[in-house]
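The data block below is final10.pdb; it holds PDB, C-alpha atoms.
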ATOM      1  CA  MET A   1      -6.073  -1.122  32.665
ATOM      2  CA  SER A   2      -2.931   0.984  32.172
ATOM      3  CA  VAL A   3      -1.869  -1.096  29.162
ATOM      4  CA  LEU A   4      -5.225  -0.732  27.367
ATOM      5  CA  PRO A   5      -4.259   2.445  25.413
ATOM      6  CA  LEU A   6      -1.102   0.748  24.112
ATOM      7  CA  VAL A   7      -3.101  -2.379  23.229
ATOM      8  CA  PHE A   8      -5.674  -0.319  21.326
ATOM      9  CA  THR A   9      -3.023   1.625  19.431
ATOM     10  CA  SER A  10      -1.062  -1.508  18.509
ATOM     11  CA  GLY A  11      -4.301  -3.092  17.270
ATOM     12  CA  TRP A  12      -5.074  -0.127  15.034
ATOM     13  CA  ALA A  13      -1.542  -0.118  13.646
ATOM     14  CA  SER A  14      -1.572  -3.902  13.105
ATOM     15  CA  GLY A  15      -4.630  -3.552  10.892
ATOM     16  CA  ILE A  16      -2.619  -1.201   8.676
ATOM     17  CA  ASN A  17       0.746  -2.989   8.708
ATOM     18  CA  ALA A  18       1.167  -5.830  11.191
ATOM     19  CA  TYR A  19       4.748  -6.596  10.190
ATOM     20  CA  ALA A  20       5.814  -3.007  10.822
ATOM     21  CA  VAL A  21       4.264  -3.144  14.294
ATOM     22  CA  VAL A  22       6.135  -6.323  15.252
ATOM     23  CA  LEU A  23       9.385  -4.979  13.790
ATOM     24  CA  LEU A  24       9.115  -1.577  15.474
ATOM     25  CA  PHE A  25       8.179  -2.949  18.884
ATOM     26  CA  GLY A  26      10.965  -5.503  18.642
ATOM     27  CA  LEU A  27      13.580  -2.919  17.693
ATOM     28  CA  LEU A  28      12.445  -0.474  20.378
ATOM     29  CA  GLY A  29      12.715  -3.209  22.979
ATOM     30  CA  ALA A  30      15.978  -4.716  21.717
ATOM     31  CA  THR A  31      17.719  -1.337  21.655
ATOM     32  CA  GLY A  32      16.631  -0.528  25.189
ATOM     33  CA  VAL A  33      14.419   2.399  24.251
ATOM     34  CA  THR A  34      11.576   0.886  26.283
ATOM     35  CA  ASP A  35      11.112  -1.991  28.687
ATOM     36  CA  GLU A  36       7.411  -2.385  27.816
ATOM     37  CA  VAL A  37       8.134  -4.826  24.971
ATOM     38  CA  PRO A  38       8.093  -8.549  25.821
ATOM     39  CA  ALA A  39      11.234 -10.556  25.072
ATOM     40  CA  SER A  40       9.424 -12.735  22.524
ATOM     41  CA  LEU A  41       9.110  -9.756  20.169
ATOM     42  CA  GLN A  42      12.797  -8.915  20.544
ATOM     43  CA  ARG A  43      14.139 -12.271  19.379
ATOM     44  CA  PRO A  44      16.485 -12.020  16.365
ATOM     45  CA  ASP A  45      14.515 -14.592  14.354
ATOM     46  CA  VAL A  46      11.276 -12.685  14.928
ATOM     47  CA  LEU A  47      12.917  -9.420  13.887
ATOM     48  CA  ILE A  48      14.389 -10.982  10.734
ATOM     49  CA  VAL A  49      11.097 -12.545   9.630
ATOM     50  CA  ALA A  50       9.166  -9.350  10.422
ATOM     51  CA  GLY A  51      11.726  -7.293   8.500
ATOM     52  CA  VAL A  52      11.554  -9.487   5.399
ATOM     53  CA  LEU A  53       7.748  -9.534   5.416
ATOM     54  CA  PHE A  54       7.669  -5.779   5.994
ATOM     55  CA  LEU A  55       9.795  -5.264   2.872
ATOM     56  CA  CYS A  56       7.465  -7.538   0.893
ATOM     57  CA  GLU A  57       4.465  -5.542   2.078
ATOM     58  CA  ALA A  58       6.220  -2.245   1.375
ATOM     59  CA  VAL A  59       6.496  -3.270  -2.292
ATOM     60  CA  ALA A  60       3.135  -5.025  -2.757
ATOM     61  CA  ASP A  61       1.254  -2.244  -1.000
ATOM     62  CA  LYS A  62       2.310   0.338  -3.582
ATOM     63  CA  ILE A  63       1.221  -1.543  -6.730
ATOM     64  CA  PRO A  64      -2.375  -0.970  -7.905
ATOM     65  CA  TYR A  65      -4.621  -4.061  -7.589
ATOM     66  CA  VAL A  66      -1.735  -6.042  -6.100
ATOM     67  CA  ASP A  67      -2.360  -4.092  -2.906
ATOM     68  CA  SER A  68      -6.000  -5.201  -2.851
ATOM     69  CA  VAL A  69      -4.998  -8.839  -3.363
ATOM     70  CA  TRP A  70      -2.444  -8.470  -0.559
ATOM     71  CA  ASP A  71      -5.140  -6.975   1.683
ATOM     72  CA  ALA A  72      -7.493  -9.860   0.915
ATOM     73  CA  VAL A  73      -4.817 -12.382   1.902
ATOM     74  CA  HIS A  74      -4.190 -10.473   5.155
ATOM     75  CA  THR A  75      -7.832 -10.253   6.222
ATOM     76  CA  VAL A  76      -7.109 -12.979   8.759
ATOM     77  CA  ILE A  77      -3.391 -12.350   9.311
ATOM     78  CA  ARG A  78      -3.623  -8.739  10.487
ATOM     79  CA  PRO A  79      -6.371  -9.236  13.105
ATOM     80  CA  VAL A  80      -4.624 -12.345  14.420
ATOM     81  CA  ALA A  81      -1.320 -10.458  14.598
ATOM     82  CA  GLY A  82      -3.043  -7.579  16.370
ATOM     83  CA  ALA A  83      -4.545  -9.967  18.918
ATOM     84  CA  VAL A  84      -1.225 -11.753  19.531
ATOM     85  CA  VAL A  85       0.768  -8.539  19.954
ATOM     86  CA  ALA A  86      -1.896  -7.142  22.282
ATOM     87  CA  ALA A  87      -1.918 -10.317  24.394
ATOM     88  CA  LEU A  88       1.872 -10.268  24.626
ATOM     89  CA  LEU A  89       1.887  -6.629  25.705
ATOM     90  CA  ALA A  90      -0.776  -7.286  28.327
ATOM     91  CA  GLY A  91       0.943 -10.427  29.554
ATOM     92  CA  HIS A  92       4.185  -8.524  29.973
ATOM     93  CA  ASN A  93       2.485  -5.645  31.785
ATOM     94  CA  GLY A  94       0.182  -7.785  33.871
ATOM     95  CA  SER A  95      -2.483  -5.086  34.194
ATOM     96  CA  LEU A  96      -5.018  -6.471  31.707
ATOM     97  CA  PRO A  97      -6.095 -10.088  31.149
ATOM     98  CA  GLU A  98      -4.467 -11.485  28.018
ATOM     99  CA  LEU A  99      -7.775 -12.737  26.602
ATOM    100  CA  ALA A 100      -9.386  -9.305  26.898
ATOM    101  CA  ALA A 101      -6.291  -7.650  25.447
ATOM    102  CA  GLY A 102      -6.321 -10.050  22.505
ATOM    103  CA  ALA A 103      -9.983  -9.292  21.867
ATOM    104  CA  VAL A 104      -9.366  -5.534  21.912
ATOM    105  CA  GLY A 105      -6.256  -5.750  19.730
ATOM    106  CA  GLY A 106      -7.772  -8.202  17.270
ATOM    107  CA  SER A 107     -11.087  -6.396  16.821
ATOM    108  CA  THR A 108      -9.375  -3.016  16.441
ATOM    109  CA  ALA A 109      -6.971  -4.514  13.901
ATOM    110  CA  LEU A 110      -9.894  -5.987  11.949
ATOM    111  CA  LEU A 111     -11.669  -2.634  11.810
ATOM    112  CA  SER A 112      -8.590  -0.716  10.681
ATOM    113  CA  HIS A 113      -7.787  -3.460   8.150
ATOM    114  CA  LEU A 114     -11.280  -3.187   6.639
ATOM    115  CA  VAL A 115     -10.880   0.590   6.445
ATOM    116  CA  LYS A 116      -7.507   0.196   4.727
ATOM    117  CA  ALA A 117      -8.814  -2.419   2.287
ATOM    118  CA  GLY A 118     -11.911  -0.373   1.461
ATOM    119  CA  THR A 119      -9.869   2.764   0.903
ATOM    120  CA  ARG A 120      -7.499   0.896  -1.419
ATOM    121  CA  ILE A 121     -10.382  -0.423  -3.499
ATOM    122  CA  ALA A 122     -11.616   3.143  -3.908
ATOM    123  CA  VAL A 123      -8.124   4.376  -4.810
ATOM    124  CA  ASN A 124      -7.741   1.610  -7.381
ATOM    125  CA  THR A 125     -10.673   3.034  -9.316
ATOM    126  CA  SER A 126      -8.241   5.762 -10.375
ATOM    127  CA  PRO A 127      -6.021   4.763 -13.348
ATOM    128  CA  GLU A 128      -2.840   6.472 -12.104
ATOM    129  CA  PRO A 129      -0.540   4.639  -9.646
ATOM    130  CA  ALA A 130       0.751   7.713  -7.781
ATOM    131  CA  SER A 131      -2.142   7.728  -5.318
ATOM    132  CA  ASN A 132      -1.347   4.163  -4.231
ATOM    133  CA  ILE A 133       2.288   5.034  -3.576
ATOM    134  CA  VAL A 134       1.454   8.227  -1.660
ATOM    135  CA  LEU A 135      -1.217   6.514   0.443
ATOM    136  CA  SER A 136       1.064   3.572   1.228
ATOM    137  CA  LEU A 137       3.900   5.868   2.308
ATOM    138  CA  LEU A 138       1.541   7.846   4.530
ATOM    139  CA  GLU A 139       0.340   4.607   6.119
ATOM    140  CA  ASP A 140       3.896   3.398   6.744
ATOM    141  CA  LEU A 141       4.932   6.717   8.269
ATOM    142  CA  GLY A 142       1.732   6.890  10.303
ATOM    143  CA  VAL A 143       2.241   3.414  11.773
ATOM    144  CA  ALA A 144       5.891   4.126  12.602
ATOM    145  CA  GLY A 145       5.082   7.474  14.166
ATOM    146  CA  ILE A 146       2.141   6.350  16.266
ATOM    147  CA  ILE A 147       3.880   3.217  17.589
ATOM    148  CA  ALA A 148       6.951   5.221  18.632
ATOM    149  CA  PHE A 149       4.675   7.858  20.171
ATOM    150  CA  ALA A 150       2.577   5.221  21.967
ATOM    151  CA  VAL A 151       5.597   3.847  23.790
ATOM    152  CA  PHE A 152       6.072   7.180  25.582
ATOM    153  CA  HIS A 153       2.522   8.620  25.480
ATOM    154  CA  PRO A 154       0.098   5.678  25.222
ATOM    155  CA  VAL A 155      -3.083   7.578  26.100
ATOM    156  CA  ALA A 156      -2.481  10.387  23.614
ATOM    157  CA  ALA A 157      -1.523   7.856  20.933
ATOM    158  CA  ALA A 158      -4.723   5.881  21.591
ATOM    159  CA  VAL A 159      -6.795   9.053  21.181
ATOM    160  CA  ILE A 160      -5.084   9.745  17.849
ATOM    161  CA  ALA A 161      -5.581   6.136  16.727
ATOM    162  CA  ALA A 162      -9.274   6.281  17.656
ATOM    163  CA  ALA A 163      -9.701   9.533  15.723
ATOM    164  CA  LEU A 164      -7.958   8.073  12.671
ATOM    165  CA  LEU A 165     -10.080   4.933  12.862
ATOM    166  CA  ALA A 166     -13.308   6.950  13.070
ATOM    167  CA  ALA A 167     -12.210   9.188  10.189
ATOM    168  CA  GLY A 168     -11.301   6.133   8.119
ATOM    169  CA  ILE A 169     -14.686   4.505   8.706
ATOM    170  CA  ALA A 170     -16.451   7.735   7.727
ATOM    171  CA  LEU A 171     -14.324   7.981   4.564
ATOM    172  CA  VAL A 172     -15.119   4.400   3.509
ATOM    173  CA  VAL A 173     -18.831   5.050   4.043
ATOM    174  CA  LEU A 174     -18.614   8.151   1.835
ATOM    175  CA  LEU A 175     -16.679   6.246  -0.842
ATOM    176  CA  TRP A 176     -18.875   3.135  -0.688
ATOM    177  CA  SER A 177     -20.857   3.999  -3.849
ATOM    178  CA  ARG A 178     -17.587   4.355  -5.761
ATOM    179  CA  ILE A 179     -16.348   1.064  -4.362
ATOM    180  CA  ARG A 180     -19.565  -0.722  -5.379
ATOM    181  CA  ARG A 181     -19.315   0.612  -8.945
ATOM    182  CA  PHE A 182     -15.733  -0.601  -9.137
ATOM    183  CA  LEU A 183     -16.618  -4.068  -7.861
ATOM    184  CA  ARG A 184     -19.573  -4.269 -10.246
ATOM    185  CA  ARG A 185     -17.400  -3.337 -13.241
ATOM    186  CA  ARG A 186     -14.786  -5.878 -12.184
ATOM    187  CA  ARG A 187     -17.412  -8.631 -11.986
ATOM    188  CA  GLN A 188     -18.693  -7.655 -15.412
ATOM    189  CA  ARG A 189     -15.198  -7.791 -16.913
ATOM    190  CA  ARG A 190     -14.607 -11.202 -15.397
ATOM    191  CA  GLU A 191     -17.919 -12.464 -16.780
ATOM    192  CA  GLU A 192     -17.160 -11.040 -20.228
ATOM    193  CA  LYS A 193     -13.728 -12.648 -20.173
ATOM    194  CA  ARG A 194     -15.234 -15.977 -19.118
ATOM    195  CA  LEU A 195     -17.820 -15.846 -21.883
ATOM    196  CA  ALA A 196     -15.187 -14.857 -24.462
ATOM    197  CA  THR A 197     -12.982 -17.748 -23.373
ATOM    198  CA  ALA A 198     -15.878 -20.187 -23.513
ATOM    199  CA  GLY A 199     -16.961 -18.910 -26.924
ATOM    200  CA  GLY A 200     -13.455 -19.189 -28.328
ATOM    201  CA  ALA A 201     -12.864 -22.713 -27.098
ATOM    202  CA  VAL A 202     -12.108 -25.265 -29.763
ATOM    203  CA  PRO A 203     -14.852 -27.960 -29.854
ATOM    204  CA  PRO A 204     -13.646 -31.505 -29.233
ATOM    205  CA  ALA A 205     -13.037 -33.689 -32.284
ATOM    206  CA  ALA A 206     -15.806 -36.142 -33.186
TER     207      ALA A 206
END
Any chance you could give the structure as C-alpha cells?
Amino acid sequence: MSVLPLVFTSGWASGINAYAVVLLFGLLGATGVTDEVPASLQRPDVLIVAGVLFLCEAVADKIPYVDSVWDAVHTVIRPVAGAVVAALLAGHNGSLPELAAGAVGGSTALLSHLVKAGTRIAVNTSPEPASNIVLSLLEDLGVAGIIAFAVFHPVAAAVIAAALLAAGIALVVLLWSRIRRFLRRRRQRREEKRLATAGGAVPPAA
C-alpha cells in the first residue's frame, strides 16, 4: 500500500489539470529526479503531446466561459487520465494492484474535476475576467507544487490533497445556490434567443 498516497495525490491533481500531471511526472522521471515514474510517462512523444495540451489548457482555462466548456469536454478525459496514471504508478511500484489503483486515481480525479468545474461556474457569474486568471494560476501552481512534493513526501502530499478536496467540496456546496441561479439565467437566455430566432425567421414562399 506504500504507493497509495502517491496514487491519491496524482488522482486529485489529474482532476485539476491532467496534462500537467503527465508532463511533470514525465519530466521528473526523465531528468532522474525520481525513479518512481514508469518509463511510459518519460517517452519523448508523451512529453511533447502532454506539453502541447498543457499549453492549450493553460490558455483555455483562463478565459471566462471557455473554461467551463473546456471542463465539460474533460469530464471524461481527466478521470480516465487519473486512472491511467495511477495504474502506471502502481504497476511500476508493484505494491498495489493496478485495478485498485486505477479506481482510486480515477474516482479522486472525478471528484476534484467536479469541484473545479463547479467552482468555475460560480466564478463565471462574475463579469470581470481577473478572477478566472487568478484561480487558474493558483490551480497550475498548486498542481505543480503538490506533484513535486508528493514525489519526496507522498503521505504528507496526500494529506494536503485530501484537505484541499474536502475544502473544495464544501466551497461548491456553499456556492451551489449561486451556480443554480447562473445556470437558470443561461437557460433562459438560450430560450429567449431561440424564440427570437424562430420569430424572426422568414416564412417560406407560397
### Query
For this file, the PyMOL selection byres ((chain A and resi 35-39) around 9) selects which residues, as a PyMOL selection string?
chain A and resi 25-26+28-30+32-34+40-43+88-89+91-93+151
### Task
Would you kindly translate the PyMOL selection byres ((chain A and resi 58) around 12) into the concrete residues it picks from this file, as a PyMOL selection string?
chain A and resi 16-20+50-57+59-63+66-67+70+132-141
### Task
Determine, counting only C-alpha atoms, every residue of protein, DNA or RNA that lies within 8 Å of (-11.6, -3.6, -8.7) in the file coordinates, then give the result as a list in words.
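Selection result: Tyr65, Ile121, Asn124, Thr125, Ile179, Phe182, Leu183, Arg185 and Arg186 of chain A.
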### Query
So, counting only C-alpha atoms, which residue among A:Val21, A:Leu47, A:Val143, A:Leu175 is closest to Ile160 in chain A?
A:Val143
### Query
Counting only C-alpha atoms, which of A:Val159, A:Ala87, A:Ala72, A:Val7 gets nearest to Arg120 in chain A?
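Comparing A:Val159, A:Ala87, A:Ala72, A:Val7 against Arg120 in chain A, the winner is A:Ala72.
Coordinates place CA of Thr108 in chain A at a distance of 19.7 Å from CA of Ser68 in chain A.
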#### Entry: From A:Val115, A:Val85, A:Ala158, A:Ile77, residue lying nearest Ser2 in chain A [all atoms listed in the file]
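Comparing A:Val115, A:Val85, A:Ala158, A:Ile77 against Ser2 in chain A, the winner is A:Ala158.
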#### Entry: Residues selected by the PyMOL selection byres ((chain A and resi 76) around 12), written as a ChimeraX atom specification
/A:14-15,18,70-75,77-83,106-107,109-111,113-114
### Task
Report the distance between CA of Pro129 in chain A and CA of Pro64 in chain A in Å, rounded to one decimal place.
6.2 Å
### Query
What is the CA of Leu99 in chain A to CA of Val22 in chain A distance in Å?
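Computed distance, CA of Leu99 in chain A to CA of Val22 in chain A, equals 19.1 Å.
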### Task
Considering all atoms listed in the file, return as a PyMOL selection string whatever protein or nucleic-acid residues lie within 7 Å of range 165-174 of chain A, sequence-local ones (same chain, fewer than 5 positions apart) excluded.
chain A and resi 112+115+118-119
May I have the centre and edge lengths, in Å to one decimal, of an axis-aligned box around the listed atoms of range 137-143 of chain A with 8 Å added to every side, as JSON?
{"center_x": 2.6, "center_y": 5.6, "center_z": 7.0, "size_x": 20.6, "size_y": 20.4, "size_z": 25.5}
### Task
Point out the residue among A:Ile48, A:Val3, A:Ala13, A:Ala90 with the least atom-to-atom distance to Ala148 in chain A, counting all atoms listed in the file.
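Between A:Ile48, A:Val3, A:Ala13, A:Ala90, the residue approaching Ala148 in chain A most closely is A:Ala13.
Summary of the local environment: counting all atoms listed in the file, residues at most 9 Å from Val84 in chain A, other than itself and those fewer than 6 positions away along its chain, are Ala101, Gly102, Gly105 and Gly106 of chain A.
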### Query
With only C-alpha atoms as the basis for distance, which of A:Ala130, A:Trp176, A:Trp12, A:Leu6 is at the shortest distance from Ala162 in chain A?
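Smallest separation from Ala162 in chain A among the options: A:Trp12.
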### Message
I need the residue nearest Leu27 in chain A from this list: A:Pro44, A:Ala103, A:Arg181, A:Thr197. Use all atoms listed in the file for the distance.
### Response
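Of all the options, A:Pro44 lies closest to Leu27 in chain A.
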Mind dumping range 18-31 of chain A from that block, keeping all heavy atoms, as a compact mmCIF listing (two decimals), in the first residue's frame?
# COMPACT_ATOMS: atom_id res chain seq x y z
N ALA A 18 -4.88 17.34 -15.84
CA ALA A 18 -4.30 16.03 -16.14
C ALA A 18 -3.03 16.14 -16.98
O ALA A 18 -2.07 15.37 -16.78
CB ALA A 18 -5.32 15.15 -16.86
N TYR A 19 -3.01 17.08 -17.90
CA TYR A 19 -1.84 17.21 -18.77
C TYR A 19 -0.61 17.66 -17.99
O TYR A 19 0.51 17.23 -18.26
CB TYR A 19 -2.12 18.19 -19.91
CG TYR A 19 -3.36 17.83 -20.69
CD1 TYR A 19 -4.39 18.75 -20.88
CD2 TYR A 19 -3.52 16.56 -21.23
CE1 TYR A 19 -5.53 18.42 -21.58
CE2 TYR A 19 -4.67 16.22 -21.93
CZ TYR A 19 -5.67 17.16 -22.11
OH TYR A 19 -6.81 16.82 -22.80
N ALA A 20 -0.83 18.54 -17.01
CA ALA A 20 0.28 18.99 -16.17
C ALA A 20 0.84 17.83 -15.35
O ALA A 20 2.06 17.72 -15.16
CB ALA A 20 -0.18 20.11 -15.24
N VAL A 21 -0.03 16.94 -14.88
CA VAL A 21 0.42 15.80 -14.09
C VAL A 21 1.31 14.88 -14.92
O VAL A 21 2.39 14.48 -14.50
CB VAL A 21 -0.80 15.01 -13.55
CG1 VAL A 21 -0.35 13.71 -12.89
CG2 VAL A 21 -1.57 15.87 -12.54
N VAL A 22 0.85 14.54 -16.13
CA VAL A 22 1.63 13.68 -17.02
C VAL A 22 2.97 14.34 -17.36
O VAL A 22 4.03 13.70 -17.32
CB VAL A 22 0.85 13.36 -18.31
CG1 VAL A 22 1.72 12.59 -19.29
CG2 VAL A 22 -0.41 12.57 -17.98
N LEU A 23 2.92 15.62 -17.68
CA LEU A 23 4.15 16.34 -18.05
C LEU A 23 5.13 16.41 -16.88
O LEU A 23 6.33 16.15 -17.05
CB LEU A 23 3.78 17.76 -18.52
CG LEU A 23 4.94 18.65 -18.98
CD1 LEU A 23 5.63 18.04 -20.19
CD2 LEU A 23 4.42 20.05 -19.33
N LEU A 24 4.63 16.74 -15.70
CA LEU A 24 5.52 16.87 -14.54
C LEU A 24 6.13 15.53 -14.14
O LEU A 24 7.34 15.43 -13.89
CB LEU A 24 4.74 17.46 -13.37
CG LEU A 24 4.44 18.95 -13.46
CD1 LEU A 24 3.41 19.35 -12.42
CD2 LEU A 24 5.71 19.77 -13.30
N PHE A 25 5.30 14.49 -14.06
CA PHE A 25 5.84 13.18 -13.74
C PHE A 25 6.88 12.74 -14.76
O PHE A 25 7.94 12.21 -14.42
CB PHE A 25 4.71 12.15 -13.67
CG PHE A 25 4.10 12.00 -12.31
CD1 PHE A 25 2.72 11.95 -12.15
CD2 PHE A 25 4.88 11.90 -11.17
CE1 PHE A 25 2.14 11.81 -10.91
CE2 PHE A 25 4.32 11.76 -9.91
CZ PHE A 25 2.94 11.71 -9.77
N GLY A 26 6.56 12.96 -16.04
CA GLY A 26 7.48 12.57 -17.09
C GLY A 26 8.81 13.30 -17.00
O GLY A 26 9.88 12.68 -17.14
N LEU A 27 8.76 14.60 -16.75
CA LEU A 27 9.99 15.38 -16.65
C LEU A 27 10.80 14.99 -15.41
O LEU A 27 12.03 14.91 -15.46
CB LEU A 27 9.66 16.88 -16.61
CG LEU A 27 9.14 17.48 -17.92
CD1 LEU A 27 8.72 18.93 -17.71
CD2 LEU A 27 10.20 17.39 -19.01
N LEU A 28 10.11 14.77 -14.30
CA LEU A 28 10.81 14.37 -13.07
C LEU A 28 11.50 13.02 -13.24
O LEU A 28 12.60 12.80 -12.74
CB LEU A 28 9.82 14.31 -11.90
CG LEU A 28 9.30 15.66 -11.39
CD1 LEU A 28 8.17 15.45 -10.39
CD2 LEU A 28 10.42 16.47 -10.76
N GLY A 29 10.86 12.13 -13.98
CA GLY A 29 11.47 10.83 -14.22
C GLY A 29 12.59 10.89 -15.24
O GLY A 29 13.66 10.30 -15.06
N ALA A 30 12.36 11.65 -16.34
CA ALA A 30 13.35 11.73 -17.41
C ALA A 30 14.62 12.43 -16.97
O ALA A 30 15.72 12.13 -17.47
CB ALA A 30 12.74 12.45 -18.62
N THR A 31 14.52 13.36 -16.04
CA THR A 31 15.69 14.09 -15.57
C THR A 31 16.40 13.39 -14.42
O THR A 31 17.40 13.90 -13.90
CB THR A 31 15.30 15.52 -15.14
OG1 THR A 31 14.25 15.44 -14.16
CG2 THR A 31 14.82 16.34 -16.32
